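Enquirer: The following file, target14.pdb, comprises PDB, C-alpha atoms, pLDDT in the B column:
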MODEL        1
ATOM      1  CA  MET A  27     -41.565 -67.494 -13.028  1.00 53.00           C
ATOM      2  CA  ASN A  28     -42.053 -71.194 -13.603  1.00 76.00           C
ATOM      3  CA  ARG A  29     -41.349 -72.768 -16.971  1.00 74.00           C
ATOM      4  CA  PHE A  30     -44.992 -72.591 -18.073  1.00 80.00           C
ATOM      5  CA  GLU A  31     -45.130 -68.838 -17.523  1.00 82.00           C
ATOM      6  CA  GLU A  32     -41.849 -68.359 -19.357  1.00 84.00           C
ATOM      7  CA  LEU A  33     -43.262 -70.134 -22.406  1.00 87.00           C
ATOM      8  CA  TYR A  34     -46.571 -68.292 -22.009  1.00 89.00           C
ATOM      9  CA  TYR A  35     -44.985 -64.832 -22.057  1.00 90.00           C
ATOM     10  CA  GLU A  36     -42.763 -65.849 -24.947  1.00 89.00           C
ATOM     11  CA  ALA A  37     -45.858 -66.864 -26.909  1.00 92.00           C
ATOM     12  CA  LYS A  38     -47.673 -63.639 -25.944  1.00 92.00           C
ATOM     13  CA  ALA A  39     -44.853 -61.632 -27.477  1.00 91.00           C
ATOM     14  CA  ASP A  40     -44.794 -63.690 -30.681  1.00 92.00           C
ATOM     15  CA  LYS A  41     -46.662 -62.217 -33.684  1.00 93.00           C
ATOM     16  CA  TRP A  42     -47.691 -65.671 -34.956  1.00 94.00           C
ATOM     17  CA  PHE A  43     -49.470 -66.464 -31.707  1.00 95.00           C
ATOM     18  CA  GLN A  44     -51.020 -62.990 -31.601  1.00 96.00           C
ATOM     19  CA  ARG A  45     -52.426 -63.451 -35.084  1.00 96.00           C
ATOM     20  CA  PHE A  46     -53.683 -66.910 -34.209  1.00 97.00           C
ATOM     21  CA  ALA A  47     -55.513 -65.489 -31.181  1.00 97.00           C
ATOM     22  CA  VAL A  48     -57.160 -62.891 -33.430  1.00 97.00           C
ATOM     23  CA  PHE A  49     -58.086 -65.624 -35.910  1.00 97.00           C
ATOM     24  CA  CYS A  50     -59.717 -67.671 -33.133  1.00 97.00           C
ATOM     25  CA  ARG A  51     -61.703 -64.670 -31.929  1.00 97.00           C
ATOM     26  CA  ILE A  52     -62.990 -63.895 -35.428  1.00 97.00           C
ATOM     27  CA  ALA A  53     -63.750 -67.538 -36.257  1.00 97.00           C
ATOM     28  CA  LEU A  54     -65.652 -68.134 -33.024  1.00 97.00           C
ATOM     29  CA  ALA A  55     -67.587 -64.896 -33.389  1.00 97.00           C
ATOM     30  CA  ALA A  56     -68.441 -65.780 -36.995  1.00 97.00           C
ATOM     31  CA  SER A  57     -69.894 -69.100 -35.844  1.00 95.00           C
ATOM     32  CA  PHE A  58     -72.246 -67.422 -33.352  1.00 97.00           C
ATOM     33  CA  ILE A  59     -73.516 -64.473 -35.405  1.00 97.00           C
ATOM     34  CA  PRO A  60     -75.606 -66.448 -37.947  1.00 96.00           C
ATOM     35  CA  ALA A  61     -76.727 -68.948 -35.293  1.00 96.00           C
ATOM     36  CA  GLY A  62     -77.860 -66.121 -33.018  1.00 97.00           C
ATOM     37  CA  TYR A  63     -79.538 -64.187 -35.819  1.00 97.00           C
ATOM     38  CA  ILE A  64     -81.654 -67.182 -36.848  1.00 96.00           C
ATOM     39  CA  LYS A  65     -82.920 -67.527 -33.293  1.00 96.00           C
ATOM     40  CA  ILE A  66     -83.685 -63.824 -32.927  1.00 97.00           C
ATOM     41  CA  VAL A  67     -85.809 -63.748 -36.102  1.00 96.00           C
ATOM     42  CA  GLY A  68     -87.652 -66.845 -34.885  1.00 95.00           C
ATOM     43  CA  GLU A  69     -86.541 -69.370 -37.494  1.00 95.00           C
ATOM     44  CA  ARG A  70     -85.777 -72.962 -36.585  1.00 95.00           C
ATOM     45  CA  PHE A  71     -82.031 -73.539 -36.324  1.00 93.00           C
ATOM     46  CA  ALA A  72     -80.632 -76.118 -38.803  1.00 90.00           C
ATOM     47  CA  ALA A  73     -83.851 -76.089 -40.812  1.00 88.00           C
ATOM     48  CA  GLY A  74     -82.497 -78.765 -43.155  1.00 89.00           C
ATOM     49  CA  LEU A  75     -82.117 -81.297 -40.345  1.00 92.00           C
ATOM     50  CA  PRO A  76     -85.157 -83.648 -40.291  1.00 93.00           C
ATOM     51  CA  SER A  77     -87.364 -83.541 -37.209  1.00 92.00           C
ATOM     52  CA  ASN A  78     -86.920 -87.288 -36.672  1.00 93.00           C
ATOM     53  CA  ASN A  79     -83.161 -86.867 -36.375  1.00 94.00           C
ATOM     54  CA  PRO A  80     -82.120 -87.046 -32.680  1.00 94.00           C
ATOM     55  CA  LEU A  81     -80.732 -83.512 -32.819  1.00 94.00           C
ATOM     56  CA  GLY A  82     -83.744 -82.473 -34.881  1.00 94.00           C
ATOM     57  CA  HIS A  83     -85.969 -83.478 -31.938  1.00 93.00           C
ATOM     58  CA  TYR A  84     -83.980 -81.090 -29.753  1.00 95.00           C
ATOM     59  CA  PHE A  85     -84.100 -78.182 -32.219  1.00 95.00           C
ATOM     60  CA  ASP A  86     -87.861 -78.596 -32.674  1.00 95.00           C
ATOM     61  CA  ALA A  87     -88.419 -78.485 -28.920  1.00 95.00           C
ATOM     62  CA  LEU A  88     -86.018 -75.560 -28.486  1.00 96.00           C
ATOM     63  CA  HIS A  89     -87.763 -73.623 -31.247  1.00 96.00           C
ATOM     64  CA  LEU A  90     -91.032 -73.875 -29.327  1.00 95.00           C
ATOM     65  CA  THR A  91     -89.681 -72.364 -26.094  1.00 96.00           C
ATOM     66  CA  GLY A  92     -90.725 -68.832 -27.065  1.00 94.00           C
ATOM     67  CA  TYR A  93     -88.644 -65.968 -25.698  1.00 96.00           C
ATOM     68  CA  TYR A  94     -86.096 -68.402 -24.231  1.00 97.00           C
ATOM     69  CA  TYR A  95     -85.171 -69.304 -27.804  1.00 97.00           C
ATOM     70  CA  THR A  96     -84.820 -65.601 -28.618  1.00 97.00           C
ATOM     71  CA  PHE A  97     -82.762 -65.083 -25.448  1.00 97.00           C
ATOM     72  CA  ILE A  98     -80.245 -67.711 -26.560  1.00 97.00           C
ATOM     73  CA  GLY A  99     -79.850 -65.909 -29.879  1.00 97.00           C
ATOM     74  CA  ILE A 100     -79.311 -62.549 -28.180  1.00 97.00           C
ATOM     75  CA  VAL A 101     -76.659 -64.040 -25.879  1.00 97.00           C
ATOM     76  CA  GLN A 102     -74.856 -65.569 -28.866  1.00 97.00           C
ATOM     77  CA  ILE A 103     -74.814 -62.235 -30.721  1.00 98.00           C
ATOM     78  CA  ILE A 104     -73.577 -60.360 -27.632  1.00 98.00           C
ATOM     79  CA  THR A 105     -70.870 -62.979 -27.092  1.00 98.00           C
ATOM     80  CA  ALA A 106     -69.741 -62.650 -30.706  1.00 98.00           C
ATOM     81  CA  ILE A 107     -69.553 -58.858 -30.469  1.00 98.00           C
ATOM     82  CA  LEU A 108     -67.567 -59.035 -27.236  1.00 98.00           C
ATOM     83  CA  LEU A 109     -65.106 -61.427 -28.878  1.00 97.00           C
ATOM     84  CA  LEU A 110     -64.533 -59.047 -31.783  1.00 97.00           C
ATOM     85  CA  ILE A 111     -63.697 -56.062 -29.552  1.00 96.00           C
ATOM     86  CA  PRO A 112     -60.142 -56.391 -28.162  1.00 95.00           C
ATOM     87  CA  ARG A 113     -60.947 -54.808 -24.792  1.00 94.00           C
ATOM     88  CA  THR A 114     -63.925 -57.082 -24.190  1.00 96.00           C
ATOM     89  CA  SER A 115     -62.535 -60.231 -25.831  1.00 96.00           C
ATOM     90  CA  LEU A 116     -61.811 -61.881 -22.459  1.00 96.00           C
ATOM     91  CA  LEU A 117     -65.424 -61.441 -21.341  1.00 96.00           C
ATOM     92  CA  GLY A 118     -66.523 -62.842 -24.690  1.00 97.00           C
ATOM     93  CA  ALA A 119     -64.227 -65.849 -24.259  1.00 97.00           C
ATOM     94  CA  LEU A 120     -65.574 -66.454 -20.748  1.00 97.00           C
ATOM     95  CA  MET A 121     -69.149 -66.384 -22.064  1.00 97.00           C
ATOM     96  CA  TYR A 122     -68.338 -68.482 -25.120  1.00 98.00           C
ATOM     97  CA  PHE A 123     -66.667 -71.366 -23.302  1.00 97.00           C
ATOM     98  CA  PRO A 124     -69.632 -72.753 -21.272  1.00 97.00           C
ATOM     99  CA  ILE A 125     -71.917 -72.333 -24.286  1.00 97.00           C
ATOM    100  CA  ILE A 126     -69.655 -74.287 -26.615  1.00 97.00           C
ATOM    101  CA  VAL A 127     -69.069 -76.981 -23.971  1.00 97.00           C
ATOM    102  CA  ASN A 128     -72.846 -77.474 -23.790  1.00 96.00           C
ATOM    103  CA  ILE A 129     -73.139 -77.588 -27.589  1.00 96.00           C
ATOM    104  CA  CYS A 130     -70.221 -80.006 -27.884  1.00 95.00           C
ATOM    105  CA  VAL A 131     -71.665 -82.426 -25.322  1.00 96.00           C
ATOM    106  CA  LEU A 132     -75.043 -82.197 -27.060  1.00 95.00           C
ATOM    107  CA  THR A 133     -73.627 -83.095 -30.481  1.00 95.00           C
ATOM    108  CA  TYR A 134     -71.667 -86.045 -29.081  1.00 95.00           C
ATOM    109  CA  ALA A 135     -74.727 -87.278 -27.172  1.00 94.00           C
ATOM    110  CA  THR A 136     -76.861 -87.208 -30.331  1.00 95.00           C
ATOM    111  CA  ARG A 137     -74.009 -88.522 -32.567  1.00 94.00           C
ATOM    112  CA  PHE A 138     -74.289 -85.481 -34.824  1.00 93.00           C
ATOM    113  CA  ASP A 139     -71.904 -85.259 -37.781  1.00 85.00           C
ATOM    114  CA  GLY A 140     -70.837 -81.769 -36.723  1.00 85.00           C
ATOM    115  CA  THR A 141     -69.013 -83.023 -33.631  1.00 89.00           C
ATOM    116  CA  ARG A 142     -65.640 -82.467 -35.317  1.00 90.00           C
ATOM    117  CA  GLY A 143     -66.289 -78.795 -35.961  1.00 92.00           C
ATOM    118  CA  ASN A 144     -67.711 -78.230 -32.496  1.00 94.00           C
ATOM    119  CA  THR A 145     -64.713 -79.938 -30.901  1.00 95.00           C
ATOM    120  CA  MET A 146     -62.364 -77.627 -32.804  1.00 95.00           C
ATOM    121  CA  MET A 147     -64.404 -74.624 -31.661  1.00 96.00           C
ATOM    122  CA  LEU A 148     -64.151 -75.862 -28.085  1.00 97.00           C
ATOM    123  CA  LEU A 149     -60.369 -76.127 -28.355  1.00 96.00           C
ATOM    124  CA  ALA A 150     -60.161 -72.646 -29.904  1.00 97.00           C
ATOM    125  CA  SER A 151     -62.234 -71.291 -27.023  1.00 97.00           C
ATOM    126  CA  LEU A 152     -59.943 -73.006 -24.537  1.00 97.00           C
ATOM    127  CA  PHE A 153     -56.935 -71.484 -26.295  1.00 97.00           C
ATOM    128  CA  LEU A 154     -58.386 -67.996 -25.822  1.00 97.00           C
ATOM    129  CA  LEU A 155     -58.812 -68.621 -22.099  1.00 96.00           C
ATOM    130  CA  ILE A 156     -55.200 -69.773 -21.841  1.00 95.00           C
ATOM    131  CA  TRP A 157     -54.168 -66.790 -23.959  1.00 95.00           C
ATOM    132  CA  ASN A 158     -55.638 -64.552 -21.241  1.00 94.00           C
ATOM    133  CA  TYR A 159     -53.943 -66.456 -18.434  1.00 91.00           C
ATOM    134  CA  ASP A 160     -52.125 -63.325 -17.288  1.00 88.00           C
ATOM    135  CA  ARG A 161     -55.505 -61.757 -16.459  1.00 88.00           C
ATOM    136  CA  LEU A 162     -57.313 -64.874 -15.301  1.00 89.00           C
ATOM    137  CA  LYS A 163     -54.605 -66.156 -12.974  1.00 83.00           C
ATOM    138  CA  HIS A 164     -55.614 -63.634 -10.319  1.00 77.00           C
ATOM    139  CA  LEU A 165     -58.979 -65.414 -10.088  1.00 77.00           C
ATOM    140  CA  LEU A 166     -57.391 -68.810  -9.467  1.00 70.00           C
ATOM    141  CA  PRO A 167     -57.355 -70.120  -5.873  1.00 68.00           C
ATOM    142  CA  PHE A 168     -53.564 -70.221  -5.748  1.00 65.00           C
ATOM    143  CA  LYS A 169     -51.065 -67.952  -4.094  1.00 64.00           C
ATOM    144  CA  GLN A 170     -49.796 -65.517  -6.654  1.00 63.00           C
ATOM    145  CA  PRO A 171     -46.140 -64.414  -6.591  1.00 60.00           C
ATOM    146  CA  LYS A 172     -45.254 -60.754  -6.888  1.00 59.00           C
ATOM    147  CA  ALA A 173     -45.620 -59.513 -10.425  1.00 56.00           C
ATOM    148  CA  ASP A 174     -42.154 -58.915 -11.817  1.00 60.00           C
ATOM    149  CA  PRO A 175     -41.276 -58.063 -15.406  1.00 52.00           C
ATOM    150  CA  PRO A 176     -41.031 -61.345 -17.357  1.00 61.00           C
ATOM    151  CA  VAL A 177     -37.473 -62.507 -17.948  1.00 62.00           C
ATOM    152  CA  LEU A 178     -37.093 -65.357 -20.426  1.00 62.00           C
ATOM    153  CA  LYS A 179     -34.257 -67.628 -19.334  1.00 63.00           C
ATOM    154  CA  LYS A 180     -34.495 -70.239 -22.095  1.00 66.00           C
ATOM    155  CA  PRO A 181     -36.540 -68.903 -25.033  1.00 71.00           C
ATOM    156  CA  LEU A 182     -37.456 -71.534 -27.616  1.00 75.00           C
ATOM    157  CA  GLY A 183     -37.882 -69.146 -30.520  1.00 78.00           C
ATOM    158  CA  MET A 184     -38.960 -70.866 -33.729  1.00 86.00           C
ATOM    159  CA  ARG A 185     -39.175 -74.210 -31.928  1.00 89.00           C
ATOM    160  CA  LEU A 186     -42.107 -72.911 -29.880  1.00 90.00           C
ATOM    161  CA  ARG A 187     -44.053 -72.174 -33.061  1.00 92.00           C
ATOM    162  CA  ILE A 188     -43.233 -75.585 -34.513  1.00 93.00           C
ATOM    163  CA  ILE A 189     -44.215 -77.398 -31.319  1.00 92.00           C
ATOM    164  CA  PHE A 190     -47.489 -75.519 -30.905  1.00 93.00           C
ATOM    165  CA  PHE A 191     -48.750 -75.409 -34.475  1.00 93.00           C
ATOM    166  CA  GLY A 192     -47.426 -78.893 -35.253  1.00 95.00           C
ATOM    167  CA  GLY A 193     -49.123 -80.210 -32.134  1.00 94.00           C
ATOM    168  CA  SER A 194     -52.347 -78.371 -33.042  1.00 94.00           C
ATOM    169  CA  PHE A 195     -52.311 -79.948 -36.510  1.00 94.00           C
ATOM    170  CA  ALA A 196     -51.770 -83.404 -34.966  1.00 96.00           C
ATOM    171  CA  ILE A 197     -54.719 -82.824 -32.610  1.00 94.00           C
ATOM    172  CA  LEU A 198     -56.960 -81.847 -35.534  1.00 93.00           C
ATOM    173  CA  ILE A 199     -56.020 -85.005 -37.421  1.00 94.00           C
ATOM    174  CA  PHE A 200     -56.695 -87.060 -34.299  1.00 93.00           C
ATOM    175  CA  ILE A 201     -60.135 -85.438 -33.897  1.00 92.00           C
ATOM    176  CA  ILE A 202     -61.071 -86.049 -37.531  1.00 89.00           C
ATOM    177  CA  ILE A 203     -59.953 -89.677 -37.533  1.00 90.00           C
ATOM    178  CA  GLY A 204     -60.970 -90.418 -33.940  1.00 88.00           C
ATOM    179  CA  THR A 205     -64.536 -89.169 -34.329  1.00 85.00           C
ATOM    180  CA  PHE A 206     -64.888 -91.163 -37.554  1.00 84.00           C
ATOM    181  CA  TYR A 207     -64.340 -94.390 -35.607  1.00 86.00           C
ATOM    182  CA  LEU A 208     -65.930 -93.208 -32.349  1.00 89.00           C
ATOM    183  CA  PHE A 209     -69.385 -94.664 -33.017  1.00 91.00           C
ATOM    184  CA  GLU A 210     -70.329 -97.917 -34.698  1.00 90.00           C
ATOM    185  CA  ILE A 211     -73.411 -96.315 -36.205  1.00 94.00           C
ATOM    186  CA  VAL A 212     -74.740 -92.762 -36.491  1.00 94.00           C
ATOM    187  CA  PRO A 213     -78.080 -91.318 -37.627  1.00 95.00           C
ATOM    188  CA  GLY A 214     -76.433 -88.984 -40.151  1.00 92.00           C
ATOM    189  CA  ASN A 215     -78.060 -85.731 -41.228  1.00 92.00           C
ATOM    190  CA  SER A 216     -80.754 -87.436 -43.311  1.00 93.00           C
ATOM    191  CA  GLU A 217     -82.315 -90.827 -43.978  1.00 93.00           C
ATOM    192  CA  ASP A 218     -80.176 -91.233 -47.109  1.00 94.00           C
ATOM    193  CA  GLU A 219     -76.963 -90.535 -45.195  1.00 93.00           C
ATOM    194  CA  CYS A 220     -77.981 -93.036 -42.544  1.00 94.00           C
ATOM    195  CA  SER A 221     -78.769 -95.732 -45.118  1.00 94.00           C
ATOM    196  CA  ASN A 222     -75.568 -95.101 -47.095  1.00 94.00           C
ATOM    197  CA  GLN A 223     -73.428 -96.186 -44.169  1.00 92.00           C
ATOM    198  CA  CYS A 224     -75.164 -99.577 -44.156  1.00 92.00           C
ATOM    199  CA  ALA A 225     -73.365-100.580 -47.353  1.00 89.00           C
ATOM    200  CA  SER A 226     -70.024-100.639 -45.516  1.00 87.00           C
ATOM    201  CA  SER A 227     -71.454-101.815 -42.202  1.00 86.00           C
ATOM    202  CA  LYS A 228     -70.634-105.239 -40.738  1.00 86.00           C
ATOM    203  CA  ASN A 229     -74.350-105.580 -39.992  1.00 88.00           C
ATOM    204  CA  PRO A 230     -76.187-103.976 -42.938  1.00 92.00           C
ATOM    205  CA  ALA A 231     -79.579-105.434 -42.014  1.00 92.00           C
ATOM    206  CA  ALA A 232     -79.314-104.230 -38.412  1.00 93.00           C
ATOM    207  CA  CYS A 233     -78.076-100.877 -39.688  1.00 94.00           C
ATOM    208  CA  GLN A 234     -81.157-100.455 -41.870  1.00 94.00           C
ATOM    209  CA  VAL A 235     -83.378-101.379 -38.921  1.00 94.00           C
ATOM    210  CA  PHE A 236     -81.672 -98.570 -36.985  1.00 96.00           C
ATOM    211  CA  CYS A 237     -82.256 -96.046 -39.794  1.00 96.00           C
ATOM    212  CA  ASP A 238     -85.921 -97.023 -40.105  1.00 95.00           C
ATOM    213  CA  CYS A 239     -86.280 -96.679 -36.348  1.00 96.00           C
ATOM    214  CA  ILE A 240     -84.867 -93.135 -36.484  1.00 95.00           C
ATOM    215  CA  TYR A 241     -86.451 -91.690 -39.610  1.00 95.00           C
ATOM    216  CA  LYS A 242     -89.601 -93.736 -40.265  1.00 94.00           C
ATOM    217  CA  GLN A 243     -90.695 -94.455 -36.712  1.00 94.00           C
ATOM    218  CA  GLY A 244     -89.274 -91.311 -35.103  1.00 92.00           C
ATOM    219  CA  GLN A 245     -88.029 -93.156 -32.015  1.00 94.00           C
ATOM    220  CA  PRO A 246     -85.421 -91.732 -29.593  1.00 94.00           C
ATOM    221  CA  LEU A 247     -81.767 -92.472 -30.253  1.00 95.00           C
ATOM    222  CA  ASP A 248     -81.356 -94.763 -27.221  1.00 95.00           C
ATOM    223  CA  SER A 249     -84.346 -96.873 -28.272  1.00 95.00           C
ATOM    224  CA  CYS A 250     -83.026 -97.204 -31.821  1.00 95.00           C
ATOM    225  CA  LEU A 251     -79.567 -98.156 -30.567  1.00 95.00           C
ATOM    226  CA  ALA A 252     -81.171-100.854 -28.421  1.00 95.00           C
ATOM    227  CA  THR A 253     -83.090-102.074 -31.488  1.00 94.00           C
ATOM    228  CA  PHE A 254     -79.852-102.066 -33.504  1.00 93.00           C
ATOM    229  CA  ASN A 255     -78.001-104.122 -30.892  1.00 92.00           C
ATOM    230  CA  LYS A 256     -80.909-106.551 -30.642  1.00 91.00           C
ATOM    231  CA  ALA A 257     -80.946-107.011 -34.415  1.00 89.00           C
ATOM    232  CA  LYS A 258     -77.200-107.725 -34.338  1.00 84.00           C
ATOM    233  CA  ASP A 259     -77.650-110.323 -31.597  1.00 74.00           C
ATOM    234  CA  ILE A 260     -80.416-112.046 -33.555  1.00 71.00           C
ATOM    235  CA  ARG A 261     -78.236-112.232 -36.655  1.00 61.00           C
ATOM    236  CA  LYS A 262     -75.353-113.680 -34.625  1.00 60.00           C
ATOM    237  CA  SER A 263     -77.685-116.299 -33.170  1.00 58.00           C
ATOM    238  CA  ASP A 264     -78.994-117.186 -36.630  1.00 57.00           C
ATOM    239  CA  GLY A 265     -75.416-117.442 -37.905  1.00 55.00           C
ATOM    240  CA  LYS A 266     -74.606-120.041 -35.298  1.00 51.00           C
TER     241      LYS A 266
ENDMDL
END
Please go through the file and, once you have read it, give me the structure as structure tokens.
Expert:
Amino acid sequence: MNRFEELYYEAKADKWFQRFAVFCRIALAASFIPAGYIKIVGERFAAGLPSNNPLGHYFDALHLTGYYYTFIGIVQIITAILLLIPRTSLLGALMYFPIIVNICVLTYATRFDGTRGNTMMLLASLFLLIWNYDRLKHLLPFKQPKADPPVLKKPLGMRLRIIFFGGSFAILIFIIIGTFYLFEIVPGNSEDECSNQCASSKNPAACQVFCDCIYKQGQPLDSCLATFNKAKDIRKSDGK
């Protein structure tokens, strides 16, 4: 075995990692069950998000797609159930990953405030795929060595837990702080949230123009960002 597989099998035998894998499965399933149920009963997802919000535009359109909307909800519920059953958890993880990647890209594209949570869910989903490496590796286009009983030459013991969970905590902090500074301006989840950020903005007037463009005029995000940048340029020109 190479060093990666040695560490992998050491982690697989560790109760802390086993419990963390179970936690990820339950947490990811819990995130899909209510989201899927809302779609199956025909209610608009994130009903509190205004229609003029960039992501609100998407949810309104998705809600009007008829049985496709219901289909998405059914798939989410099935995925959640598969994740909760140990024997089918790998299939659930395989189904969950492309769905959460799509959701994560969508929230970043629309500058939604929930990008932090979705990013964490994406990482948890990726962890579950790595956790099942011993089953997935046979699908990889690489020559597989003969399967011998794992022999750990240099076990890390407690250090492996510290490295993994300490590194995971550092990644979470990076996500929280990094996403906070990722965008100069965001639409927020409401007009009030959008306007509140203008008080600490370097360009409060341009910021308010952006918020009015989103919530009062109902324009697409790209158009409002262009309006925001134009308003900034005008202010800079006036300042000179």
Enquirer: Pick the closest to Asn79 in chain A from A:Arg137, A:Lys228, A:Arg51, A:Arg161: which is it, counting all atoms listed in the file?
Expert: A:Arg137
Enquirer: Please write as a list in words the full residue list that the PyMOL selection byres ((chain A and resi 127) around 10) yields on this file.
Expert: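 Matching residues under the PyMOL selection byres ((chain A and resi 127) around 10) are Tyr122, Phe123, Pro124, Ile125, Ile126, Asn128, Ile129, Cys130, Val131, Leu132, Asn144, Thr145, Met147, Leu148, Leu149, Ser151 and Leu152 of chain A.
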Enquirer: Would you put the residues from that selection into a file with C-alpha atoms, as a short mmCIF file (atom, residue, chain, number, x, y, z; two decimals), in the coordinates of the input?
Expert:
data_model
loop_
_atom_site.label_atom_id
_atom_site.label_comp_id
_atom_site.auth_asym_id
_atom_site.auth_seq_id
_atom_site.Cartn_x
_atom_site.Cartn_y
_atom_site.Cartn_z
CA TYR A 122 -68.34 -68.48 -25.12
CA PHE A 123 -66.67 -71.37 -23.30
CA PRO A 124 -69.63 -72.75 -21.27
CA ILE A 125 -71.92 -72.33 -24.29
CA ILE A 126 -69.66 -74.29 -26.62
CA ASN A 128 -72.85 -77.47 -23.79
CA ILE A 129 -73.14 -77.59 -27.59
CA CYS A 130 -70.22 -80.01 -27.88
CA VAL A 131 -71.67 -82.43 -25.32
CA LEU A 132 -75.04 -82.20 -27.06
CA ASN A 144 -67.71 -78.23 -32.50
CA THR A 145 -64.71 -79.94 -30.90
CA MET A 147 -64.40 -74.62 -31.66
CA LEU A 148 -64.15 -75.86 -28.08
CA LEU A 149 -60.37 -76.13 -28.36
CA SER A 151 -62.23 -71.29 -27.02
CA LEU A 152 -59.94 -73.01 -24.54
#
Enquirer: Please list as a list of chain:residue names every residue within 10 Å of Arg187 in chain A, counting all atoms listed in the file and excluding residues in the same chain fewer than 3 positions away.
Expert: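 Contacts, with the query itself left out: A:Ala37, A:Asp40, A:Trp42, A:Phe43, A:Leu182, A:Gly183, A:Met184, A:Phe190, A:Phe191, A:Gly192, A:Gly193.
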Enquirer: Hey, could you pull the box centre and edge lengths for range 113-119 of chain A, axis-aligned, 4 Å padding per side, all listed atoms, to one decimal in Å, as AutoDock Vina command-line options?
Expert:
--center_x -63.7 --center_y -60.3 --center_z -23.6 --size_x 13.6 --size_y 19.0 --size_z 12.5
Enquirer: What is the CA of Cys237 in chain A to CA of Ala87 in chain A distance in Å?
Expert: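 Interatomic distance here is 21.6 Å.
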Enquirer: In terms of the shortest atom-to-atom distance over all atoms listed in the file, which of A:Leu116, A:Ala39, A:Leu109, A:Cys220 is closest to Ile156 in chain A?
Expert: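 So, comparing all the options, the nearest one is A:Leu116.
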Enquirer: Could you tell me which residues the PyMOL selection byres ((chain A and resi 142) around 7) returns for this structure, as a PyMOL selection string?
Expert: chain A and resi 140-141+143-146+201-202+205
Enquirer: Output the selection as an mmCIF file, in the frame of the given file - C-alpha atoms for each residue.
Expert:
data_model
loop_
_atom_site.group_PDB
_atom_site.id
_atom_site.type_symbol
_atom_site.label_atom_id
_atom_site.label_comp_id
_atom_site.auth_asym_id
_atom_site.auth_seq_id
_atom_site.Cartn_x
_atom_site.Cartn_y
_atom_site.Cartn_z
ATOM 1 C CA GLY A 140 -70.837 -81.769 -36.723
ATOM 2 C CA THR A 141 -69.013 -83.023 -33.631
ATOM 3 C CA GLY A 143 -66.289 -78.795 -35.961
ATOM 4 C CA ASN A 144 -67.711 -78.230 -32.496
ATOM 5 C CA THR A 145 -64.713 -79.938 -30.901
ATOM 6 C CA MET A 146 -62.364 -77.627 -32.804
ATOM 7 C CA ILE A 201 -60.135 -85.438 -33.897
ATOM 8 C CA ILE A 202 -61.071 -86.049 -37.531
ATOM 9 C CA THR A 205 -64.536 -89.169 -34.329
#
Enquirer: Name all residues at most 12 Å from Val67 in chain A (count all atoms listed in the file; drop same-chain ones fewer than 5 positions away) and give them as a list in words.
Expert: Pro60, Ala61, Gly62, His89, Gly92, Tyr93, Tyr95, Thr96, Phe97, Ile98, Gly99 and Ile100 of chain A
Enquirer: Considering all atoms listed in the file, state which residue in the set A:Leu186, A:Ile211, A:Lys258, A:Arg70 is at the smallest distance from His83 in chain A.
Expert: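 Distance minimum relative to His83 in chain A lands on A:Arg70.
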Enquirer: Measure the distance from CA of Lys242 in chain A to CA of Ile64 in chain A in Å and round it to one decimal.
Expert: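 One can read the CA of Lys242 in chain A to CA of Ile64 in chain A distance as 27.9 Å.
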Enquirer: Pick from A:Asn229, A:Gln44, A:Gln245, A:Thr105: nearest to Pro80 in chain A, with all atoms listed in the file counted?
Expert: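 Nearest candidate to Pro80 in chain A out of A:Asn229, A:Gln44, A:Gln245, A:Thr105: A:Gln245.
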Enquirer: What is the distance, in Å and to one decimal place, between CA of Val48 in chain A and CA of Asp139 in chain A?
Expert: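 Answer for the CA of Val48 in chain A to CA of Asp139 in chain A separation: 27.1 Å.
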Enquirer: Which residues, written as a list in words, have at least one atom at most 12 Å from Phe254 in chain A, with all atoms listed in the file counted and residues fewer than 3 positions away on the same chain left out?
Expert: Glu210, Ile211, Val212, Pro213, Cys224, Asn229, Pro230, Ala231, Ala232, Cys233, Gln234, Val235, Phe236, Cys237, Asp238, Cys239, Ile240, Leu247, Asp248, Ser249, Cys250, Leu251, Ala257, Lys258, Asp259, Ile260 and Arg261 of chain A
Enquirer: Identify which of the residues A:Met121, A:Leu154, A:Leu90, A:Leu165 lies closest to Ile103 in chain A, counting all atoms listed in the file when measuring atom-to-atom distances.
Expert: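 Closest candidate: A:Met121.
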Enquirer: Out of A:Ser77, A:Lys65, A:Pro112, A:Leu198, which residue has the shortest atom-to-atom distance to Thr91 in chain A when counting all atoms listed in the file?
Expert: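 Of the candidates, the smallest distance to Thr91 in chain A is held by A:Lys65.
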